[in-house]
$ cat upload.txt   # compact mmCIF, C-alpha atoms
# COMPACT_ATOMS: atom_id res chain seq x y z
CA MET A 1 0.00 0.00 0.00
CA LYS A 2 1.26 3.42 -0.93
CA THR A 3 1.73 5.73 2.00
CA LYS A 4 3.23 8.87 0.52
CA ILE A 5 0.72 11.35 -0.76
CA GLU A 6 3.11 12.35 -3.57
CA GLU A 7 3.09 8.76 -4.85
CA ILE A 8 -0.69 8.54 -4.65
CA LEU A 9 -1.14 11.83 -6.47
CA ASP A 10 1.21 10.68 -9.23
CA GLU A 11 -0.68 7.41 -9.61
CA LEU A 12 -4.02 9.21 -9.78
CA ILE A 13 -2.72 11.75 -12.31
CA ALA A 14 -1.81 8.81 -14.55
CA GLU A 15 -5.29 7.33 -14.08
CA VAL A 16 -7.02 10.63 -14.87
CA LYS A 17 -4.87 11.01 -17.99
CA ARG A 18 -6.08 7.56 -19.09
CA GLY A 19 -9.65 8.85 -18.87
CA ARG A 20 -10.85 7.85 -15.40
CA SER A 21 -12.90 10.43 -13.58
CA VAL A 22 -11.41 12.23 -10.60
CA ASP A 23 -14.13 11.05 -8.22
CA ASP A 24 -13.75 7.46 -9.35
CA CYS A 25 -10.02 7.59 -8.73
CA LEU A 26 -10.41 9.15 -5.31
CA ARG A 27 -12.68 6.34 -4.09
CA GLU A 28 -9.55 4.22 -3.65
CA TYR A 29 -8.06 6.80 -1.29
CA PRO A 30 -10.95 8.39 0.63
CA GLU A 31 -8.61 9.64 3.35
CA TYR A 32 -6.78 11.80 0.78
CA ALA A 33 -9.81 12.80 -1.27
CA ASP A 34 -10.18 16.32 0.12
CA GLU A 35 -6.51 17.07 -0.34
CA LEU A 36 -6.11 15.55 -3.79
CA ARG A 37 -9.39 16.47 -5.50
CA PRO A 38 -8.48 20.14 -6.20
CA LEU A 39 -5.01 19.12 -7.33
CA LEU A 40 -6.36 16.63 -9.85
CA HIS A 41 -8.89 19.17 -11.13
CA LEU A 42 -6.05 21.64 -11.46
CA VAL A 43 -4.03 19.14 -13.49
CA ASN A 44 -7.00 18.72 -15.82
CA SER A 45 -7.47 22.46 -16.11
CA ILE A 46 -3.81 23.03 -16.96
CA ALA A 47 -3.81 20.22 -19.52
CA GLU A 48 -6.94 21.63 -21.16
CA LEU A 49 -5.53 25.12 -21.55
CA PRO A 50 -4.93 26.02 -25.18
CA LYS A 51 -1.27 25.92 -26.08
CA PRO A 52 0.45 29.28 -26.29
CA GLU A 53 0.87 29.99 -29.97
CA PRO A 54 3.82 31.91 -31.27
CA SER A 55 3.29 34.08 -34.30
CA ALA A 56 4.06 32.56 -37.67
CA GLU A 57 6.03 35.69 -38.63
CA VAL A 58 8.42 35.19 -35.76
CA ILE A 59 8.98 31.55 -36.69
CA GLU A 60 9.52 32.53 -40.32
CA THR A 61 12.15 35.03 -39.21
CA VAL A 62 13.88 32.45 -37.02
CA ILE A 63 13.93 29.91 -39.85
CA ASN A 64 15.56 32.47 -42.16
CA GLN A 65 18.12 33.32 -39.50
CA ALA A 66 18.79 29.62 -38.95
CA ARG A 67 19.34 29.12 -42.70
CA VAL A 68 21.84 31.96 -42.77
CA LEU A 69 23.56 30.49 -39.74
CA LEU A 70 23.78 27.08 -41.36
CA SER A 71 25.11 28.47 -44.64
CA GLU A 72 27.76 30.40 -42.70
CA GLN A 73 28.77 27.20 -40.96
CA LYS A 74 28.99 25.39 -44.29
CA ALA A 75 31.04 28.13 -45.98
CA PRO A 76 34.72 27.18 -46.22
CA LYS A 77 37.02 29.41 -44.25
CA GLY A 78 40.41 29.35 -42.70
CA PHE A 79 40.81 27.66 -39.36
CA SER A 80 41.45 29.80 -36.35
CA LEU A 81 43.32 28.34 -33.42
CA ARG A 82 40.08 28.25 -31.42
CA GLU A 83 38.32 26.28 -34.16
CA ILE A 84 41.15 23.78 -34.40
CA PHE A 85 40.84 23.21 -30.66
CA ALA A 86 37.07 22.81 -30.99
CA LEU A 87 37.49 20.34 -33.86
CA ARG A 88 39.69 17.80 -32.11
CA PRO A 89 40.05 19.14 -28.61
CA VAL A 90 41.84 16.23 -26.99
CA MET A 91 44.21 15.34 -29.82
CA VAL A 92 45.16 18.92 -30.59
CA ARG A 93 45.72 19.78 -26.95
CA VAL A 94 47.88 16.71 -26.36
CA ALA A 95 49.91 17.55 -29.48
CA ALA A 96 50.26 21.19 -28.40
CA ILE A 97 51.33 20.25 -24.89
CA THR A 98 53.80 17.67 -26.23
CA LEU A 99 55.27 20.26 -28.60
CA LEU A 100 55.48 22.81 -25.81
CA VAL A 101 57.20 20.35 -23.48
CA PHE A 102 59.59 19.37 -26.29
CA VAL A 103 60.45 22.98 -27.14
CA VAL A 104 60.85 24.01 -23.50
CA GLY A 105 62.92 20.91 -22.81
CA LEU A 106 65.13 21.44 -25.82
CA THR A 107 65.68 25.09 -24.94
CA THR A 108 66.50 24.24 -21.33
CA VAL A 109 68.95 21.52 -22.35
CA SER A 110 70.63 23.89 -24.83
CA LEU A 111 70.93 26.61 -22.20
CA SER A 112 72.26 24.18 -19.63
CA ALA A 113 75.07 22.95 -21.93
CA ASN A 114 77.41 25.77 -20.90
CA SER A 115 76.38 25.91 -17.26
CA LEU A 116 78.88 25.47 -14.44
CA PRO A 117 78.49 23.75 -11.04
CA GLY A 118 76.32 25.88 -8.77
CA HIS A 119 74.18 27.15 -11.64
CA MET A 120 70.46 26.25 -11.58
CA LEU A 121 70.71 24.53 -14.98
CA TYR A 122 73.79 22.44 -14.12
CA PRO A 123 71.73 19.48 -12.75
CA ILE A 124 69.88 19.39 -16.09
CA LYS A 125 73.22 19.21 -17.89
CA ILE A 126 74.30 16.25 -15.73
CA ALA A 127 70.90 14.56 -16.08
CA THR A 128 71.08 14.93 -19.88
CA GLU A 129 74.50 13.28 -19.85
CA ARG A 130 73.15 10.39 -17.76
CA VAL A 131 70.27 9.91 -20.19
CA GLN A 132 72.68 9.91 -23.13
CA LEU A 133 74.72 7.24 -21.39
CA LEU A 134 71.63 5.16 -20.67
CA LEU A 135 70.57 5.37 -24.29
CA THR A 136 74.01 4.29 -25.52
CA THR A 137 74.20 0.53 -25.56
CA ASP A 138 77.63 -0.21 -27.09
CA THR A 139 80.77 -0.04 -24.98
CA LYS A 140 82.71 1.97 -27.55
CA GLY A 141 80.00 4.62 -27.59
CA LYS A 142 79.98 4.74 -23.79
CA ALA A 143 83.78 5.11 -23.77
CA ARG A 144 83.52 8.05 -26.19
CA LEU A 145 80.86 9.68 -24.04
CA HIS A 146 82.97 9.30 -20.89
CA VAL A 147 85.89 10.97 -22.71
CA VAL A 148 83.61 13.84 -23.71
CA TYR A 149 82.30 14.19 -20.16
CA ALA A 150 85.80 14.01 -18.73
CA GLY A 151 86.74 16.86 -21.09
CA LYS A 152 83.71 18.87 -19.96
CA ARG A 153 84.53 18.38 -16.27
CA THR A 154 88.11 19.47 -17.00
CA ASP A 155 86.89 22.65 -18.70
CA GLU A 156 84.49 23.31 -15.82
CA PHE A 157 87.26 22.79 -13.27
CA MET A 158 89.50 25.14 -15.23
CA SER A 159 86.77 27.78 -15.44
CA LEU A 160 86.23 27.71 -11.69
CA LEU A 161 89.91 27.73 -10.87
CA THR A 162 90.68 31.04 -9.16
CA PRO A 163 93.91 31.82 -7.26
CA GLY A 164 93.39 31.73 -3.51
CA VAL A 165 89.90 30.27 -3.79
CA LYS A 166 89.22 26.77 -2.56
CA ILE A 167 88.93 24.32 -5.40
CA ASN A 168 85.76 22.30 -6.12
CA GLU A 169 86.86 18.89 -4.83
CA ASP A 170 83.70 17.18 -5.97
CA LEU A 171 84.22 18.41 -9.52
CA LEU A 172 87.86 17.34 -9.42
CA ALA A 173 86.84 13.83 -8.35
CA LYS A 174 84.21 13.66 -11.11
CA MET A 175 86.75 14.82 -13.69
CA LEU A 176 89.13 11.96 -12.87
CA HIS A 177 86.23 9.54 -12.40
CA GLU A 178 84.98 10.11 -15.95
CA THR A 179 88.49 9.40 -17.30
CA GLY A 180 88.63 6.23 -15.19
CA LEU A 181 85.26 5.11 -16.59
CA ALA A 182 86.48 5.78 -20.13
CA ILE A 183 89.56 3.61 -19.44
CA ASN A 184 87.38 0.84 -17.99
CA CYS A 185 85.25 0.83 -21.12
CA ALA A 186 88.33 0.82 -23.35
CA GLU A 187 89.66 -2.25 -21.51
CA LEU A 188 86.51 -4.13 -22.45
CA LEU A 189 86.93 -3.39 -26.17
CA ASP A 190 88.75 -5.48 -28.74
CA GLU A 191 92.27 -4.38 -29.61
CA ASN A 192 91.45 -2.26 -32.69
CA SER A 193 88.54 -0.46 -31.08
CA ALA A 194 90.50 0.09 -27.87
CA LEU A 195 93.41 1.67 -29.78
CA GLU A 196 90.99 3.90 -31.62
CA ILE A 197 89.54 5.32 -28.39
CA ILE A 198 92.61 5.21 -26.16
CA ASP A 199 94.30 8.09 -27.99
CA GLN A 200 91.33 10.30 -27.20
CA ILE A 201 91.50 9.24 -23.53
CA TYR A 202 95.21 9.94 -23.48
CA GLU A 203 94.76 13.44 -24.90
CA CYS A 204 92.07 14.14 -22.32
CA SER A 205 94.23 12.84 -19.50
CA LYS A 206 97.18 14.98 -20.66
CA GLN A 207 94.93 18.03 -20.57
CA GLN A 208 93.80 17.11 -17.06
CA MET A 209 97.40 16.85 -15.94
CA LYS A 210 98.10 20.35 -17.31
CA VAL A 211 95.11 21.73 -15.45
CA LEU A 212 96.20 20.01 -12.26
CA GLN A 213 99.72 21.43 -12.64
CA GLU A 214 98.23 24.89 -12.95
CA ALA A 215 95.96 24.24 -9.98
CA ARG A 216 99.00 23.25 -7.94
CA HIS A 217 100.50 26.73 -8.51
CA CYS A 218 97.46 28.74 -7.59
CA ALA A 219 95.94 26.48 -4.96
CA CYS A 220 95.44 27.65 -1.44
CA ASP A 221 97.17 25.74 1.37
CA GLY A 222 94.20 23.57 2.22
CA ASP A 223 93.98 22.23 -1.33
CA THR A 224 97.58 21.19 -1.86
CA ALA A 225 97.16 17.65 -0.57
CA VAL A 226 94.02 17.13 -2.58
CA ILE A 227 95.68 18.30 -5.77
CA GLU A 228 98.76 16.16 -5.17
CA GLU A 229 96.53 13.16 -4.69
CA ALA A 230 94.67 14.00 -7.90
CA ILE A 231 97.95 14.32 -9.79
CA GLN A 232 98.96 10.90 -8.53
CA ASP A 233 95.63 9.45 -9.69
CA CYS A 234 96.12 11.08 -13.05
CA LEU A 235 99.57 9.52 -13.36
CA ASN A 236 98.13 6.11 -12.52
CA GLN A 237 95.53 6.59 -15.26
CA HIS A 238 98.38 7.40 -17.69
CA LYS A 239 99.96 4.06 -16.79
CA CYS A 240 96.70 2.26 -17.45
CA ILE A 241 96.44 3.99 -20.80
CA GLU A 242 99.97 2.82 -21.62
CA CYS A 243 99.00 -0.75 -20.68
CA ILE A 244 96.11 -0.67 -23.12
CA LYS A 245 98.23 0.93 -25.85
CA ASN A 246 101.00 -1.65 -25.42
CA PRO A 247 99.41 -4.81 -24.06
CA ASP A 248 102.51 -6.88 -24.86
CA ALA A 249 104.79 -4.93 -22.53
CA SER A 250 104.86 -7.52 -19.76
CA ASN A 251 106.86 -5.37 -17.38
CA ARG A 252 104.03 -2.85 -17.06
CA HIS A 253 101.03 -3.39 -14.88
CA CYS A 254 97.91 -1.34 -14.81
CA PRO A 255 97.54 0.04 -11.29
CA MET B 256 2.92 34.09 -45.53
CA LYS B 257 3.81 30.43 -45.66
CA ASP B 258 1.48 28.23 -43.67
CA TYR B 259 3.09 26.07 -41.00
CA PRO B 260 0.78 23.24 -40.01
CA SER B 261 3.31 22.22 -37.41
CA LEU B 262 2.92 25.39 -35.40
CA HIS B 263 0.89 23.51 -32.85
CA LEU B 264 2.97 21.22 -30.78
CA ARG B 265 3.03 17.89 -32.51
CA LYS B 266 2.39 15.36 -29.82
CA ASP B 267 2.54 12.58 -32.36
CA LEU B 268 6.02 13.46 -33.44
CA GLU B 269 7.88 10.21 -33.17
CA LYS B 270 11.43 10.04 -32.01
CA TYR B 271 12.61 8.78 -35.38
CA GLU B 272 10.99 11.75 -37.08
CA LEU B 273 12.77 14.17 -34.80
CA ARG B 274 15.97 12.24 -35.41
CA ARG B 275 15.39 12.66 -39.15
CA PHE B 276 15.05 16.43 -38.74
CA VAL B 277 18.17 16.61 -36.59
CA ASP B 278 20.26 14.44 -38.90
CA GLY B 279 18.98 16.27 -41.98
CA ALA B 280 19.67 19.69 -40.48
CA LYS B 281 23.17 18.58 -39.50
CA LYS B 282 23.80 17.64 -43.14
CA GLY B 283 22.51 21.02 -44.31
CA ASP B 284 19.08 19.91 -45.57
CA GLU B 285 17.01 23.12 -45.52
CA ASP B 286 13.63 21.38 -45.27
CA ALA B 287 14.79 19.38 -42.28
CA LEU B 288 16.20 22.56 -40.79
CA SER B 289 12.86 24.36 -41.18
CA GLN B 290 10.95 21.47 -39.61
CA LEU B 291 13.41 21.29 -36.76
CA CYS B 292 13.13 25.05 -36.17
CA VAL B 293 9.34 24.79 -35.99
CA TYR B 294 9.51 21.83 -33.65
CA VAL B 295 12.08 23.41 -31.32
CA TYR B 296 10.27 26.75 -31.41
CA SER B 297 6.95 25.16 -30.44
CA ARG B 298 8.46 23.20 -27.57
CA ILE B 299 10.55 26.02 -26.20
CA TYR B 300 7.85 28.63 -26.55
CA SER B 301 5.56 26.62 -24.28
CA TYR B 302 8.49 26.04 -21.94
CA VAL B 303 9.32 29.73 -21.52
CA PHE B 304 5.81 31.21 -21.95
CA TYR B 305 4.81 30.67 -18.31
CA ARG B 306 8.18 31.70 -16.98
CA VAL B 307 8.40 35.26 -18.29
CA ASN B 308 6.06 38.17 -17.81
CA GLN B 309 5.39 39.18 -21.39
CA PRO B 310 4.58 37.06 -24.47
CA GLU B 311 7.04 39.25 -26.42
CA ASP B 312 9.79 38.20 -24.03
CA ALA B 313 8.80 34.57 -24.60
CA GLU B 314 9.11 35.06 -28.37
CA ASP B 315 12.48 36.78 -28.16
CA LEU B 316 13.83 34.21 -25.75
CA THR B 317 12.54 31.31 -27.82
CA SER B 318 14.08 32.73 -30.99
CA GLU B 319 17.38 33.04 -29.17
CA VAL B 320 17.20 29.43 -27.98
CA VAL B 321 16.30 28.10 -31.45
CA LEU B 322 19.30 29.84 -32.98
CA LYS B 323 21.55 28.56 -30.21
CA VAL B 324 20.27 25.04 -30.84
CA ILE B 325 20.92 25.32 -34.59
CA LYS B 326 24.35 26.82 -33.99
CA ALA B 327 25.38 24.02 -31.65
CA LEU B 328 23.60 21.27 -33.56
CA LYS B 329 26.77 19.76 -35.03
CA ASN B 330 28.06 18.93 -31.57
CA GLN B 331 24.75 17.52 -30.31
CA ARG B 332 24.96 13.99 -28.91
CA GLY B 333 22.55 11.84 -26.87
CA ASN B 334 19.01 12.82 -25.88
CA PHE B 335 17.93 15.75 -28.04
CA HIS B 336 15.17 16.93 -25.69
CA ALA B 337 17.44 16.92 -22.64
CA TRP B 338 20.06 18.86 -24.61
CA MET B 339 17.50 21.34 -25.98
CA TYR B 340 15.96 22.05 -22.57
CA LYS B 341 19.38 22.50 -21.07
CA ILE B 342 20.11 25.25 -23.61
CA ALA B 343 16.70 26.79 -22.87
CA LYS B 344 17.32 26.65 -19.13
CA HIS B 345 20.63 28.50 -19.48
CA ALA B 346 19.02 31.08 -21.76
CA LEU B 347 16.31 31.63 -19.13
CA ILE B 348 18.91 32.08 -16.40
CA ASP B 349 20.65 34.69 -18.56
CA PHE B 350 17.32 36.35 -19.24
CA TYR B 351 16.48 36.54 -15.52
CA ARG B 352 19.90 37.93 -14.80
CA LYS B 353 19.65 40.58 -17.49
CA LYS B 354 16.15 41.64 -16.69
CA ALA B 355 16.57 41.19 -12.94
CA VAL B 356 13.07 39.83 -12.74
CA ARG B 357 13.96 36.51 -11.16
CA ARG B 358 10.94 36.01 -8.96
CA GLU B 359 10.29 39.52 -7.88
CA LEU B 360 7.15 41.08 -9.15
CA SER B 361 7.45 44.25 -11.09
CA LEU B 362 5.38 47.27 -10.13
CA SER B 363 3.08 46.63 -13.07
CA ASP B 364 2.48 43.07 -11.89
CA LEU B 365 1.69 44.38 -8.46
CA SER B 366 -0.88 46.82 -9.77
CA HIS B 367 -2.45 44.03 -11.83
CA ASP B 368 -2.54 41.90 -8.73
CA ILE B 369 -4.41 44.55 -6.79
CA ALA B 370 -6.85 44.92 -9.64
CA ASP B 371 -7.37 41.16 -9.83
CA LYS B 372 -8.07 40.94 -6.11
CA SER B 373 -10.63 43.65 -6.31
CA ALA B 374 -12.40 41.92 -9.16
CA ASP B 375 -14.91 39.20 -8.64
CA PHE B 376 -13.02 35.97 -9.29
CA SER B 377 -15.79 33.60 -8.41
CA ARG B 378 -16.78 31.12 -11.08
CA GLN B 379 -13.89 32.19 -13.27
CA THR B 380 -12.04 29.43 -15.01
CA LEU B 381 -8.31 29.00 -15.39
CA THR B 382 -6.77 30.94 -18.23
CA ARG B 383 -3.21 31.07 -19.53
CA GLU B 384 -2.76 34.51 -18.03
CA ARG B 385 -3.95 33.37 -14.59
CA LEU B 386 -1.73 30.33 -14.77
CA ARG B 387 1.20 32.53 -15.70
CA LYS B 388 0.54 34.70 -12.65
CA GLY B 389 0.19 31.63 -10.46
CA MET B 390 3.43 30.19 -11.83
CA GLN B 391 5.28 33.31 -10.71
CA ARG B 392 4.60 32.25 -7.11
CA LEU B 393 6.36 28.93 -7.63
CA THR B 394 10.01 28.12 -7.35
CA GLU B 395 11.98 27.72 -10.57
CA GLU B 396 11.98 23.93 -10.27
CA GLN B 397 8.25 23.79 -9.47
CA ARG B 398 7.51 25.87 -12.59
CA GLN B 399 9.70 23.60 -14.66
CA VAL B 400 7.96 20.45 -13.46
CA ILE B 401 4.46 21.86 -14.11
CA ILE B 402 5.45 22.80 -17.65
CA LEU B 403 7.20 19.55 -18.47
CA ARG B 404 4.60 17.26 -16.92
CA PHE B 405 1.25 18.95 -17.60
CA ILE B 406 1.82 21.38 -20.45
CA GLU B 407 4.44 19.53 -22.48
CA GLY B 408 3.11 16.13 -21.41
CA PHE B 409 6.40 14.44 -20.61
CA SER B 410 6.54 11.41 -18.35
CA ASN B 411 8.09 11.47 -14.89
CA SER B 412 11.23 9.75 -16.13
CA GLU B 413 11.61 12.18 -19.05
CA ALA B 414 11.13 15.19 -16.77
CA ALA B 415 13.61 13.65 -14.34
CA GLU B 416 16.18 13.29 -17.10
CA PHE B 417 15.72 16.84 -18.37
CA MET B 418 15.93 18.30 -14.88
CA GLY B 419 18.72 16.03 -13.67
CA LYS B 420 16.64 14.68 -10.80
CA SER B 421 15.25 11.34 -9.65
CA VAL B 422 11.71 10.27 -10.49
CA GLY B 423 10.92 10.42 -6.76
CA ALA B 424 12.07 14.03 -6.63
CA ILE B 425 9.86 14.88 -9.60
CA LYS B 426 6.81 13.40 -7.83
CA VAL B 427 7.52 15.46 -4.73
CA LEU B 428 8.08 18.59 -6.82
CA GLN B 429 4.84 18.16 -8.77
CA PHE B 430 2.85 17.63 -5.56
CA ARG B 431 4.29 20.75 -3.95
CA ALA B 432 3.89 22.79 -7.13
CA LEU B 433 0.23 21.82 -7.56
CA ARG B 434 -0.49 22.51 -3.90
CA ALA B 435 1.16 25.94 -4.12
CA LEU B 436 -0.86 26.77 -7.23
CA ARG B 437 -4.07 25.58 -5.58
CA ASP B 438 -3.35 27.76 -2.54
CA TYR B 439 -2.70 30.77 -4.75
CA PHE B 440 -5.84 30.27 -6.81
CA SER B 441 -7.90 29.74 -3.65
CA ARG B 442 -6.67 33.04 -2.29
CA GLN B 443 -7.51 34.71 -5.59
CA GLY B 444 -11.04 33.32 -5.54
CA TYR B 445 -10.54 31.10 -8.53
CA GLU B 446 -13.08 28.33 -8.60
CA ASP B 447 -12.21 25.31 -10.68
CA LYS B 448 -14.77 24.54 -13.32
CA ASN B 449 -14.86 20.87 -12.49

$ encode --input "upload.txt" --output "structure tokens"
Amino acid sequence: MKTKIEEILDELIAEVKRGRSVDDCLREYPEYADELRPLLHLVNSIAELPKPEPSAEVIETVINQARVLLSEQKAPKGFSLREIFALRPVMVRVAAITLLVFVVGLTTVSLSANSLPGHMLYPIKIATERVQLLLTTDTKGKARLHVVYAGKRTDEFMSLLTPGVKINEDLLAKMLHETGLAINCAELLDENSALEIIDQIYECSKQQMKVLQEARHCACDGDTAVIEEAIQDCLNQHKCIECIKNPDASNRHCP
Amino acid sequence: MKDYPSLHLRKDLEKYELRRFVDGAKKGDEDALSQLCVYVYSRIYSYVFYRVNQPEDAEDLTSEVVLKVIKALKNQRGNFHAWMYKIAKHALIDFYRKKAVRRELSLSDLSHDIADKSADFSRQTLTRERLRKGMQRLTEEQRQVIILRFIEGFSNSEAAEFMGKSVGAIKVLQFRALRALRDYFSRQGYEDKN
């Protein structure tokens, strides 16, 4: 049994619409008859009202305007940026965002190429180098990259070298580390490939030694030991390079 | 003047027929476009007629809605009626905002009201003008449900879909709307003819 008056009214409206008389319908719900009778009569009165009729002239005008609108839509015209977005909103936006990210990324990477340690773009430079290394699968390619990075660290160290100012020890370590990694890669290569790359490593190492010699002259007291240690490491790397260049020299051992 | 037999709301208009008008108009068929304009105009005119003060406002507003519908037709998807009434609803909101007539009575309405009260309302039957005045006492949703259910003849589920409400909420709204109208007409001395 229905208890809500709203439900009962709705049911009776449906019955009245089907043609049942109001009084007949209300016999089923005598307790609601007084409340619902005027509402049902009102529903009938509203339904019987003549429909509001708009003027034919107004409709004629609207139809003509609609035709003009449609013909304007059909007319070929150049695409504005807004229309392109409306046409394929998702695809175009994804493409635009991708392009934007690519352009911004490329610009940032280009700007970071000449950055020095301490600069806000320097981490991007290092990250780019790491990505390049990850994307390089062959050992010879990795060796070449390490030589390039060793050269970059050397240039950076040289740029930051200022008489009386404490040297960047971290950068110094990275500089020698990159050369060491290049040597490690070269050791894994076959003889011909190793010889091809080892000359580049040797040239880089020679340059590092020159920079270290210069650093020794202008270093402050606290840096002397560090630089001496770095020079010793550099010399050891030279020996390793010699071992790779002349593998048959049995009296030499790579440190 | 061209005669439009479809000026009266076509209750027998089947869904497939409406679909044919919509599809035809989308493809640029001018006959389909004209039929669709007449159909939309008839529906929307009834929808806005009882929600504005002047018939001229109803005509202007309806024309605006029809053109908006035609303009946006290419992007129309899903239930056409629900989409069409949504456009009409937004146009009405804009209209209320512009005219600042939301539910407040204008001075002219007030003077009419006084005149109506002084007149002898007994044994007068319901007219469109009286219903329009009565509707102004309802909330926006109550007006909408009266129009959709009893003037446009939509089912509870259709009205629920157009208004974004549940069928239960529509039943409650129609009960409250009818009761509010009855109270208003009782106060005015309107006596139902039944």

$ interface_residues --input "upload.txt" --of "chain A" --to "chain B" --cutoff "7 Å" --atoms "only C-alpha atoms" --output "PyMOL selection string"
chain A and resi 6-7+10+39+41+43+45-47+49+52+54+59+62-63+66+69-70

$ closest_atom_pairs --input "upload.txt" --of "segment 11-126 of chain A" --to "segment 171-193 of chain A" --cutoff "12 Å" --atoms "all atoms listed in the file" --output "tab-separated table"
residue	atom	partner	partner_atom	distance
A:Leu116	CA	A:Leu171	CA	10.1
A:Pro117	CA	A:Leu171	CA	8.0
A:Gly118	CA	A:Leu171	CA	10.9
A:Ile126	CA	A:Lys174	CA	11.2

$ atom_distance --input "upload.txt" --atom1 "atom CA of Leu26 of chain A" --atom2 "atom CA of Ser412 of chain B"
24.2 Å

$ atom_distance --input "upload.txt" --atom1 "atom CA of Tyr122 of chain A" --atom2 "atom CA of Glu169 of chain A"
16.4 Å

$ atom_distance --input "upload.txt" --atom1 "atom CA of Leu135 of chain A" --atom2 "atom CA of Asn114 of chain A"
21.8 Å

$ residues_near_point --input "upload.txt" --point "(65.3, 18.2, -20.1)" --cutoff "10 Å" --atoms "only C-alpha atoms" --output "ChimeraX atom specification"
/A:101-110,112,121,123-125,127-128,131

$ residues_around --input "upload.txt" --residues "Leu40 of chain A" --least-positions-apart "2" --cutoff "9 Å" --atoms "only C-alpha atoms" --output "compact mmCIF listing (two decimals) with C-alpha atoms, keeping the file's coordinate frame"
# COMPACT_ATOMS: atom_id res chain seq x y z
CA LEU A 9 -1.14 11.83 -6.47
CA LEU A 12 -4.02 9.21 -9.78
CA ILE A 13 -2.72 11.75 -12.31
CA VAL A 16 -7.02 10.63 -14.87
CA VAL A 22 -11.41 12.23 -10.60
CA LEU A 36 -6.11 15.55 -3.79
CA ARG A 37 -9.39 16.47 -5.50
CA PRO A 38 -8.48 20.14 -6.20
CA LEU A 42 -6.05 21.64 -11.46
CA VAL A 43 -4.03 19.14 -13.49
CA ASN A 44 -7.00 18.72 -15.82
CA SER A 45 -7.47 22.46 -16.11
CA LEU B 433 0.23 21.82 -7.56

$ closest_residue --input "upload.txt" --among "A:Met91, A:Leu195, A:Glu203, A:Leu133" --to "Pro247 of chain A" --atoms "only C-alpha atoms"
A:Leu195
